file upload29.cif (mmCIF, N, CA and C atoms)
data_start
#
loop_
_atom_site.label_atom_id
_atom_site.label_comp_id
_atom_site.auth_asym_id
_atom_site.auth_seq_id
_atom_site.Cartn_x
_atom_site.Cartn_y
_atom_site.Cartn_z
N MET A 1 -32.67 18.77 25.52
CA MET A 1 -32.73 19.74 26.60
C MET A 1 -31.29 20.03 27.05
N ASN A 2 -30.92 21.31 27.04
CA ASN A 2 -29.57 21.64 27.49
C ASN A 2 -29.52 21.72 29.01
N LEU A 3 -28.33 21.89 29.52
CA LEU A 3 -28.10 21.87 30.97
C LEU A 3 -28.84 23.00 31.68
N PHE A 4 -28.87 24.19 31.05
CA PHE A 4 -29.55 25.34 31.66
C PHE A 4 -31.03 25.04 31.88
N ASP A 5 -31.68 24.47 30.87
CA ASP A 5 -33.11 24.14 30.98
C ASP A 5 -33.35 23.04 32.01
N LYS A 6 -32.43 22.08 32.07
CA LYS A 6 -32.56 20.99 33.04
C LYS A 6 -32.48 21.53 34.47
N VAL A 7 -31.53 22.44 34.72
CA VAL A 7 -31.39 23.04 36.05
C VAL A 7 -32.64 23.84 36.41
N SER A 8 -33.17 24.58 35.45
CA SER A 8 -34.38 25.37 35.70
C SER A 8 -35.55 24.46 36.09
N GLY A 9 -35.70 23.36 35.39
CA GLY A 9 -36.76 22.40 35.72
C GLY A 9 -36.55 21.77 37.09
N ASP A 10 -35.30 21.48 37.41
CA ASP A 10 -34.99 20.87 38.70
C ASP A 10 -35.21 21.85 39.86
N ILE A 11 -35.08 23.14 39.59
CA ILE A 11 -35.35 24.14 40.63
C ILE A 11 -36.82 24.06 41.03
N LYS A 12 -37.68 23.95 40.02
CA LYS A 12 -39.12 23.84 40.30
C LYS A 12 -39.42 22.59 41.12
N ALA A 13 -38.79 21.48 40.75
CA ALA A 13 -39.00 20.23 41.48
C ALA A 13 -38.51 20.35 42.93
N ALA A 14 -37.37 21.00 43.13
CA ALA A 14 -36.83 21.18 44.48
C ALA A 14 -37.74 22.07 45.32
N MET A 15 -38.34 23.08 44.67
CA MET A 15 -39.28 23.95 45.39
C MET A 15 -40.49 23.16 45.87
N LEU A 16 -41.03 22.34 44.97
CA LEU A 16 -42.20 21.53 45.32
C LEU A 16 -41.87 20.51 46.41
N ALA A 17 -40.64 19.99 46.38
CA ALA A 17 -40.23 19.00 47.38
C ALA A 17 -39.78 19.66 48.68
N ARG A 18 -39.67 20.97 48.67
CA ARG A 18 -39.19 21.74 49.82
C ARG A 18 -37.81 21.26 50.28
N ASP A 19 -36.95 20.99 49.30
CA ASP A 19 -35.58 20.53 49.56
C ASP A 19 -34.67 21.77 49.55
N LYS A 20 -34.43 22.29 50.74
CA LYS A 20 -33.73 23.56 50.88
C LYS A 20 -32.29 23.52 50.35
N VAL A 21 -31.53 22.48 50.70
CA VAL A 21 -30.13 22.39 50.28
C VAL A 21 -30.04 22.29 48.76
N ARG A 22 -30.85 21.40 48.19
CA ARG A 22 -30.85 21.21 46.73
C ARG A 22 -31.25 22.50 46.02
N LEU A 23 -32.28 23.16 46.54
CA LEU A 23 -32.76 24.40 45.94
C LEU A 23 -31.67 25.47 45.95
N GLU A 24 -30.99 25.60 47.07
CA GLU A 24 -29.93 26.61 47.18
C GLU A 24 -28.80 26.32 46.20
N ALA A 25 -28.41 25.06 46.08
CA ALA A 25 -27.34 24.67 45.15
C ALA A 25 -27.77 24.94 43.70
N LEU A 26 -28.99 24.58 43.36
CA LEU A 26 -29.49 24.78 41.99
C LEU A 26 -29.61 26.26 41.65
N ARG A 27 -30.03 27.05 42.60
CA ARG A 27 -30.11 28.50 42.36
C ARG A 27 -28.71 29.08 42.13
N GLY A 28 -27.74 28.56 42.85
CA GLY A 28 -26.35 28.99 42.65
C GLY A 28 -25.87 28.64 41.25
N ILE A 29 -26.21 27.44 40.79
CA ILE A 29 -25.85 27.01 39.44
C ILE A 29 -26.49 27.93 38.41
N LYS A 30 -27.78 28.19 38.58
CA LYS A 30 -28.49 29.02 37.61
C LYS A 30 -27.91 30.43 37.58
N LYS A 31 -27.53 30.95 38.73
CA LYS A 31 -26.94 32.29 38.80
C LYS A 31 -25.64 32.32 37.98
N GLU A 32 -24.80 31.32 38.18
CA GLU A 32 -23.53 31.27 37.44
C GLU A 32 -23.79 31.14 35.93
N PHE A 33 -24.76 30.32 35.57
CA PHE A 33 -25.10 30.14 34.15
C PHE A 33 -25.59 31.45 33.54
N LEU A 34 -26.47 32.15 34.26
CA LEU A 34 -26.99 33.42 33.76
C LEU A 34 -25.87 34.44 33.58
N GLU A 35 -24.96 34.49 34.54
CA GLU A 35 -23.83 35.41 34.43
C GLU A 35 -22.98 35.08 33.21
N ALA A 36 -22.77 33.80 32.95
CA ALA A 36 -21.97 33.38 31.79
C ALA A 36 -22.70 33.71 30.48
N LYS A 37 -24.02 33.54 30.48
CA LYS A 37 -24.79 33.81 29.26
C LYS A 37 -24.79 35.30 28.92
N THR A 38 -24.80 36.14 29.94
CA THR A 38 -24.91 37.58 29.70
C THR A 38 -23.57 38.29 29.80
N ALA A 39 -22.48 37.53 29.92
CA ALA A 39 -21.14 38.12 30.03
C ALA A 39 -20.80 38.87 28.75
N LYS A 40 -19.96 39.87 28.91
CA LYS A 40 -19.53 40.68 27.78
C LYS A 40 -18.86 39.79 26.74
N GLY A 41 -19.24 39.95 25.51
CA GLY A 41 -18.67 39.15 24.43
C GLY A 41 -19.41 37.84 24.20
N GLY A 42 -20.39 37.53 25.04
CA GLY A 42 -21.17 36.31 24.88
C GLY A 42 -22.27 36.50 23.85
N ASP A 43 -22.80 35.40 23.35
CA ASP A 43 -23.86 35.48 22.36
C ASP A 43 -25.23 35.20 22.96
N GLY A 44 -25.32 35.17 24.27
CA GLY A 44 -26.61 34.91 24.92
C GLY A 44 -26.93 33.44 25.06
N GLU A 45 -26.05 32.59 24.58
CA GLU A 45 -26.23 31.14 24.69
C GLU A 45 -25.14 30.57 25.59
N LEU A 46 -25.41 29.41 26.15
CA LEU A 46 -24.44 28.75 27.02
C LEU A 46 -24.26 27.32 26.53
N ALA A 47 -23.10 27.06 25.95
CA ALA A 47 -22.80 25.72 25.45
C ALA A 47 -22.60 24.78 26.65
N ASP A 48 -22.93 23.51 26.46
CA ASP A 48 -22.82 22.55 27.55
C ASP A 48 -21.38 22.36 28.02
N ASP A 49 -20.39 22.48 27.11
CA ASP A 49 -19.00 22.33 27.55
C ASP A 49 -18.59 23.47 28.47
N VAL A 50 -19.08 24.69 28.20
CA VAL A 50 -18.80 25.83 29.07
C VAL A 50 -19.51 25.63 30.41
N ALA A 51 -20.74 25.12 30.35
CA ALA A 51 -21.50 24.85 31.57
C ALA A 51 -20.78 23.82 32.43
N MET A 52 -20.19 22.81 31.82
CA MET A 52 -19.46 21.78 32.58
C MET A 52 -18.27 22.39 33.32
N LYS A 53 -17.57 23.31 32.64
CA LYS A 53 -16.43 23.96 33.29
C LYS A 53 -16.89 24.78 34.49
N ILE A 54 -18.03 25.46 34.34
CA ILE A 54 -18.59 26.25 35.44
C ILE A 54 -18.94 25.33 36.61
N LEU A 55 -19.59 24.21 36.31
CA LEU A 55 -19.98 23.26 37.36
C LEU A 55 -18.75 22.69 38.08
N ALA A 56 -17.72 22.34 37.32
CA ALA A 56 -16.51 21.78 37.93
C ALA A 56 -15.87 22.81 38.86
N LYS A 57 -15.86 24.06 38.42
CA LYS A 57 -15.30 25.13 39.25
C LYS A 57 -16.12 25.31 40.53
N MET A 58 -17.44 25.22 40.41
CA MET A 58 -18.30 25.37 41.58
C MET A 58 -18.08 24.24 42.59
N VAL A 59 -17.93 23.02 42.10
CA VAL A 59 -17.69 21.88 42.99
C VAL A 59 -16.36 22.08 43.72
N LYS A 60 -15.35 22.48 42.97
CA LYS A 60 -14.03 22.70 43.57
C LYS A 60 -14.11 23.77 44.66
N GLN A 61 -14.83 24.86 44.39
CA GLN A 61 -14.97 25.94 45.38
C GLN A 61 -15.67 25.43 46.64
N ARG A 62 -16.74 24.66 46.46
CA ARG A 62 -17.48 24.14 47.62
C ARG A 62 -16.59 23.23 48.47
N LYS A 63 -15.82 22.37 47.81
CA LYS A 63 -14.96 21.45 48.55
C LYS A 63 -13.85 22.20 49.29
N GLU A 64 -13.29 23.23 48.65
CA GLU A 64 -12.27 24.03 49.32
C GLU A 64 -12.86 24.74 50.53
N SER A 65 -14.06 25.28 50.38
CA SER A 65 -14.73 25.96 51.50
C SER A 65 -14.97 24.98 52.64
N ALA A 66 -15.42 23.78 52.30
CA ALA A 66 -15.68 22.77 53.34
C ALA A 66 -14.40 22.44 54.09
N ALA A 67 -13.29 22.34 53.38
CA ALA A 67 -12.01 22.04 54.03
C ALA A 67 -11.62 23.16 54.99
N ILE A 68 -11.83 24.39 54.57
CA ILE A 68 -11.52 25.53 55.43
C ILE A 68 -12.41 25.53 56.67
N TYR A 69 -13.70 25.25 56.47
CA TYR A 69 -14.62 25.19 57.61
C TYR A 69 -14.22 24.09 58.59
N ASN A 70 -13.78 22.96 58.06
CA ASN A 70 -13.33 21.86 58.93
C ASN A 70 -12.10 22.27 59.74
N GLU A 71 -11.17 22.99 59.08
CA GLU A 71 -9.97 23.46 59.78
C GLU A 71 -10.34 24.42 60.91
N GLN A 72 -11.40 25.21 60.69
CA GLN A 72 -11.82 26.20 61.68
C GLN A 72 -12.84 25.65 62.67
N ASN A 73 -12.98 24.32 62.65
CA ASN A 73 -13.89 23.63 63.57
C ASN A 73 -15.34 24.11 63.43
N ARG A 74 -15.81 24.20 62.18
CA ARG A 74 -17.20 24.58 61.90
C ARG A 74 -17.85 23.47 61.07
N PRO A 75 -18.09 22.30 61.67
CA PRO A 75 -18.58 21.15 60.91
C PRO A 75 -19.95 21.36 60.28
N GLU A 76 -20.81 22.18 60.90
CA GLU A 76 -22.14 22.40 60.32
C GLU A 76 -22.05 23.14 58.99
N LEU A 77 -21.14 24.11 58.88
CA LEU A 77 -20.96 24.83 57.62
C LEU A 77 -20.27 23.94 56.58
N ALA A 78 -19.32 23.13 57.04
CA ALA A 78 -18.63 22.21 56.12
C ALA A 78 -19.62 21.20 55.54
N ALA A 79 -20.52 20.69 56.37
CA ALA A 79 -21.51 19.72 55.89
C ALA A 79 -22.43 20.34 54.85
N GLU A 80 -22.80 21.61 55.07
CA GLU A 80 -23.67 22.30 54.11
C GLU A 80 -22.97 22.48 52.77
N GLU A 81 -21.69 22.86 52.81
CA GLU A 81 -20.92 23.03 51.57
C GLU A 81 -20.78 21.70 50.82
N MET A 82 -20.51 20.62 51.55
CA MET A 82 -20.36 19.31 50.91
C MET A 82 -21.68 18.83 50.33
N ALA A 83 -22.79 19.12 51.01
CA ALA A 83 -24.11 18.74 50.48
C ALA A 83 -24.37 19.45 49.16
N GLN A 84 -24.02 20.74 49.10
CA GLN A 84 -24.20 21.48 47.85
C GLN A 84 -23.27 20.95 46.76
N ALA A 85 -22.04 20.62 47.12
CA ALA A 85 -21.10 20.06 46.15
C ALA A 85 -21.64 18.76 45.57
N ASN A 86 -22.26 17.94 46.41
CA ASN A 86 -22.83 16.67 45.94
C ASN A 86 -23.97 16.90 44.96
N VAL A 87 -24.79 17.92 45.21
CA VAL A 87 -25.88 18.24 44.29
C VAL A 87 -25.32 18.70 42.96
N ILE A 88 -24.31 19.55 42.99
CA ILE A 88 -23.72 20.08 41.75
C ILE A 88 -23.06 18.95 40.96
N GLU A 89 -22.40 18.02 41.67
CA GLU A 89 -21.72 16.90 41.00
C GLU A 89 -22.67 16.02 40.20
N GLU A 90 -23.95 16.02 40.57
CA GLU A 90 -24.93 15.21 39.84
C GLU A 90 -25.03 15.64 38.38
N TYR A 91 -24.69 16.88 38.08
CA TYR A 91 -24.80 17.40 36.72
C TYR A 91 -23.51 17.25 35.92
N LEU A 92 -22.45 16.80 36.58
CA LEU A 92 -21.18 16.57 35.89
C LEU A 92 -21.13 15.13 35.40
N PRO A 93 -20.40 14.90 34.30
CA PRO A 93 -20.24 13.51 33.87
C PRO A 93 -19.44 12.75 34.92
N LYS A 94 -19.64 11.44 34.95
CA LYS A 94 -18.95 10.61 35.94
C LYS A 94 -17.44 10.75 35.74
N ALA A 95 -16.73 10.95 36.83
CA ALA A 95 -15.28 11.10 36.76
C ALA A 95 -14.63 9.78 36.35
N LEU A 96 -13.52 9.88 35.65
CA LEU A 96 -12.80 8.68 35.21
C LEU A 96 -12.07 8.05 36.39
N SER A 97 -12.02 6.73 36.39
CA SER A 97 -11.24 6.03 37.41
C SER A 97 -9.76 6.19 37.04
N GLU A 98 -8.88 5.82 37.96
CA GLU A 98 -7.45 5.97 37.70
C GLU A 98 -7.00 5.11 36.52
N GLU A 99 -7.58 3.90 36.41
CA GLU A 99 -7.21 3.01 35.30
C GLU A 99 -7.68 3.60 33.97
N GLU A 100 -8.93 4.10 33.94
CA GLU A 100 -9.45 4.69 32.70
C GLU A 100 -8.63 5.91 32.30
N LEU A 101 -8.26 6.72 33.29
CA LEU A 101 -7.46 7.92 33.03
C LEU A 101 -6.11 7.54 32.43
N THR A 102 -5.48 6.50 32.99
CA THR A 102 -4.18 6.05 32.49
C THR A 102 -4.29 5.61 31.03
N VAL A 103 -5.33 4.86 30.69
CA VAL A 103 -5.53 4.38 29.32
C VAL A 103 -5.69 5.56 28.36
N VAL A 104 -6.53 6.53 28.73
CA VAL A 104 -6.78 7.69 27.87
C VAL A 104 -5.50 8.51 27.71
N LEU A 105 -4.77 8.72 28.79
CA LEU A 105 -3.54 9.51 28.71
C LEU A 105 -2.47 8.82 27.89
N LYS A 106 -2.36 7.50 27.97
CA LYS A 106 -1.38 6.77 27.15
C LYS A 106 -1.72 6.95 25.67
N GLU A 107 -2.99 6.92 25.35
CA GLU A 107 -3.43 7.11 23.97
C GLU A 107 -3.10 8.53 23.49
N ILE A 108 -3.32 9.52 24.33
CA ILE A 108 -3.01 10.91 23.98
C ILE A 108 -1.51 11.09 23.79
N ILE A 109 -0.71 10.51 24.68
CA ILE A 109 0.75 10.61 24.58
C ILE A 109 1.23 9.99 23.26
N ALA A 110 0.66 8.85 22.89
CA ALA A 110 1.04 8.19 21.63
C ALA A 110 0.64 9.05 20.43
N ARG A 111 -0.55 9.65 20.49
CA ARG A 111 -1.04 10.47 19.39
C ARG A 111 -0.18 11.72 19.21
N VAL A 112 0.20 12.35 20.32
CA VAL A 112 1.01 13.57 20.28
C VAL A 112 2.46 13.25 19.95
N GLY A 113 2.90 12.05 20.29
CA GLY A 113 4.27 11.63 20.01
C GLY A 113 5.25 12.10 21.07
N ALA A 114 4.78 12.32 22.28
CA ALA A 114 5.66 12.77 23.37
C ALA A 114 6.42 11.57 23.94
N SER A 115 7.67 11.82 24.30
CA SER A 115 8.48 10.72 24.84
C SER A 115 9.26 11.12 26.08
N SER A 116 9.31 12.40 26.39
CA SER A 116 10.08 12.82 27.56
C SER A 116 9.29 13.85 28.37
N PRO A 117 9.67 14.04 29.63
CA PRO A 117 8.98 15.03 30.48
C PRO A 117 9.01 16.45 29.91
N LYS A 118 9.98 16.73 29.02
CA LYS A 118 10.07 18.05 28.40
C LYS A 118 8.84 18.35 27.53
N GLU A 119 8.20 17.31 27.04
CA GLU A 119 7.06 17.46 26.13
C GLU A 119 5.71 17.40 26.87
N MET A 120 5.75 17.58 28.18
CA MET A 120 4.55 17.50 28.99
C MET A 120 3.51 18.55 28.56
N GLY A 121 3.97 19.73 28.16
CA GLY A 121 3.06 20.80 27.75
C GLY A 121 2.17 20.41 26.59
N LYS A 122 2.75 19.72 25.60
CA LYS A 122 1.98 19.26 24.44
C LYS A 122 0.85 18.34 24.89
N VAL A 123 1.21 17.39 25.75
CA VAL A 123 0.25 16.39 26.22
C VAL A 123 -0.84 17.06 27.06
N MET A 124 -0.43 17.95 27.95
CA MET A 124 -1.39 18.61 28.85
C MET A 124 -2.39 19.45 28.07
N GLY A 125 -1.93 20.09 26.99
CA GLY A 125 -2.84 20.90 26.18
C GLY A 125 -3.99 20.08 25.62
N VAL A 126 -3.65 18.93 25.07
CA VAL A 126 -4.66 18.03 24.49
C VAL A 126 -5.50 17.38 25.59
N ALA A 127 -4.82 16.91 26.63
CA ALA A 127 -5.51 16.19 27.71
C ALA A 127 -6.49 17.10 28.44
N SER A 128 -6.11 18.33 28.68
CA SER A 128 -6.99 19.26 29.39
C SER A 128 -8.29 19.49 28.64
N LYS A 129 -8.19 19.61 27.32
CA LYS A 129 -9.40 19.82 26.51
C LYS A 129 -10.27 18.57 26.49
N GLU A 130 -9.67 17.43 26.25
CA GLU A 130 -10.43 16.19 26.10
C GLU A 130 -11.03 15.68 27.41
N LEU A 131 -10.36 15.96 28.53
CA LEU A 131 -10.79 15.40 29.80
C LEU A 131 -11.45 16.44 30.70
N ALA A 132 -11.83 17.58 30.14
CA ALA A 132 -12.46 18.63 30.93
C ALA A 132 -13.73 18.10 31.59
N GLY A 133 -13.83 18.25 32.89
CA GLY A 133 -14.99 17.79 33.63
C GLY A 133 -14.97 16.31 33.99
N LYS A 134 -14.05 15.56 33.39
CA LYS A 134 -14.00 14.12 33.65
C LYS A 134 -12.91 13.78 34.66
N ALA A 135 -11.94 14.69 34.81
CA ALA A 135 -10.86 14.47 35.77
C ALA A 135 -10.30 15.82 36.19
N ASP A 136 -9.79 15.89 37.41
CA ASP A 136 -9.21 17.11 37.94
C ASP A 136 -7.86 17.38 37.28
N GLY A 137 -7.58 18.64 37.02
CA GLY A 137 -6.35 19.03 36.35
C GLY A 137 -5.09 18.58 37.07
N LYS A 138 -5.11 18.64 38.41
CA LYS A 138 -3.94 18.22 39.18
C LYS A 138 -3.69 16.72 39.02
N VAL A 139 -4.77 15.95 39.00
CA VAL A 139 -4.65 14.49 38.84
C VAL A 139 -4.11 14.17 37.44
N ILE A 140 -4.62 14.88 36.43
CA ILE A 140 -4.15 14.67 35.05
C ILE A 140 -2.66 14.98 34.97
N SER A 141 -2.27 16.13 35.52
CA SER A 141 -0.87 16.56 35.48
C SER A 141 0.05 15.55 36.15
N ALA A 142 -0.34 15.08 37.32
CA ALA A 142 0.49 14.11 38.04
C ALA A 142 0.64 12.82 37.24
N LYS A 143 -0.46 12.37 36.64
CA LYS A 143 -0.44 11.11 35.89
C LYS A 143 0.42 11.26 34.61
N VAL A 144 0.30 12.41 33.93
CA VAL A 144 1.11 12.64 32.73
C VAL A 144 2.59 12.66 33.09
N ARG A 145 2.93 13.32 34.18
CA ARG A 145 4.32 13.39 34.65
C ARG A 145 4.85 11.98 34.93
N GLU A 146 4.00 11.17 35.56
CA GLU A 146 4.39 9.80 35.89
C GLU A 146 4.60 8.97 34.62
N LEU A 147 3.70 9.13 33.65
CA LEU A 147 3.80 8.33 32.42
C LEU A 147 4.99 8.75 31.55
N LEU A 148 5.35 10.04 31.57
CA LEU A 148 6.45 10.51 30.74
C LEU A 148 7.82 10.30 31.40
N ALA A 149 7.82 10.03 32.68
CA ALA A 149 9.11 9.86 33.39
C ALA A 149 9.78 8.55 33.02
#

call {"tool": "encode", "arguments": {"input": "upload29.cif", "output": "structure tokens"}}
result
Amino acid sequence: MNLFDKVSGDIKAAMLARDKVRLEALRGIKKEFLEAKTAKGGDGELADDVAMKILAKMVKQRKESAAIYNEQNRPELAAEEMAQANVIEEYLPKALSEEELTVVLKEIIARVGASSPKEMGKVMGVASKELAGKADGKVISAKVRELLA
């Protein structure tokens, strides 16, 4: 069962459970998936790796919105955004811990043969592909910079 079918099934379950927050988040996911499937140049299918990128982007958007709502003293809206972000995160693979990320990045650096900060681009290219959905790009970049320094 691919991610699109899983979300569709979970929408039905959320409807039956009358879970409004979960239902709204799942409908948002399905909308994004449908748009990606029917986008110009698409083949009508949605690969799970593309779906993961969409989910990661959605989580990031929700968290940014929540931060803005908190700055504007709107805690009820911030709580709603964070609740939706938590629902969306359930469909993402578990994020790597800092230790796991360091181990994976050291292995990538050794494989690419990078030895100085000038070669950060080579490492980031490989790391971004391999760690998509498992770690935030900013965290990866900071860790690579630290390891190459």

call {"tool": "axis_aligned_box", "arguments": {"input": "upload29.cif", "around": "range 12-16 of chain A", "padding_each_side": "6 Å", "output": "JSON"}}
result
{"center_x": -39.5, "center_y": 22.1, "center_z": 43.2, "size_x": 17.4, "size_y": 15.7, "size_z": 18.4}

call {"tool": "residues_around", "arguments": {"input": "upload29.cif", "residues": "range 128-141 of chain A", "least_positions_apart": "5", "cutoff": "7 Å", "atoms": "only C-alpha atoms", "output": "list in words"}}
result
Met52, Lys53, Ala56, Leu92, Pro93, Lys94, Ala95 and Leu96 of chain A

call {"tool": "resolve_selection", "arguments": {"input": "upload29.cif", "expression": "the PyMOL selection byres ((chain A and resi 74-86) around 8)", "output": "list in words"}}
result
Val21, Arg22, Glu24, Ala25, Leu26, Met58, Val59, Lys60, Gln61, Arg62, Lys63, Glu64, Ser65, Ala66, Ala67, Ile68, Tyr69, Asn70, Glu71, Gln72, Asn73, Val87, Ile88, Glu89, Glu90 and Tyr91 of chain A

call {"tool": "closest_residue", "arguments": {"input": "upload29.cif", "among": "A:Leu16, A:Leu3, A:Leu23, A:Ile109", "to": "Ala51 in chain A", "atoms": "all atoms listed in the file"}}
result
A:Leu3

call {"tool": "atom_distance", "arguments": {"input": "upload29.cif", "atom1": "CA of Leu55 in chain A", "atom2": "CA of Asp5 in chain A"}}
result
14.6 Å

call {"tool": "atom_distance", "arguments": {"input": "upload29.cif", "atom1": "CA of Lys57 in chain A", "atom2": "CA of Val112 in chain A"}}
result
27.6 Å

call {"tool": "atom_distance", "arguments": {"input": "upload29.cif", "atom1": "CA of Asp43 in chain A", "atom2": "CA of Ile11 in chain A"}}
result
24.4 Å

call {"tool": "residues_around", "arguments": {"input": "upload29.cif", "residues": "Ile54 in chain A", "least_positions_apart": "4", "cutoff": "8 Å", "atoms": "only C-alpha atoms", "output": "mmCIF file with N, CA and C atoms, in the coordinates of the input"}}
result
data_model
loop_
_atom_site.group_PDB
_atom_site.id
_atom_site.type_symbol
_atom_site.label_atom_id
_atom_site.label_comp_id
_atom_site.auth_asym_id
_atom_site.auth_seq_id
_atom_site.Cartn_x
_atom_site.Cartn_y
_atom_site.Cartn_z
ATOM 1 N N GLU A 32 -24.800 31.320 38.180
ATOM 2 C CA GLU A 32 -23.530 31.270 37.440
ATOM 3 C C GLU A 32 -23.790 31.140 35.930
ATOM 4 N N PHE A 33 -24.760 30.320 35.570
ATOM 5 C CA PHE A 33 -25.100 30.140 34.150
ATOM 6 C C PHE A 33 -25.590 31.450 33.540
ATOM 7 N N VAL A 50 -19.080 24.690 28.200
ATOM 8 C CA VAL A 50 -18.800 25.830 29.070
ATOM 9 C C VAL A 50 -19.510 25.630 30.410
ATOM 10 N N MET A 58 -17.440 25.220 40.410
ATOM 11 C CA MET A 58 -18.300 25.370 41.580
ATOM 12 C C MET A 58 -18.080 24.240 42.590
#

call {"tool": "residues_near_point", "arguments": {"input": "upload29.cif", "point": "(-3.9, 12.4, 25.9)", "cutoff": "8 Å", "atoms": "all atoms listed in the file", "output": "NGL selection string"}}
result
:A and (103-112 or 122-128 or 130-131)
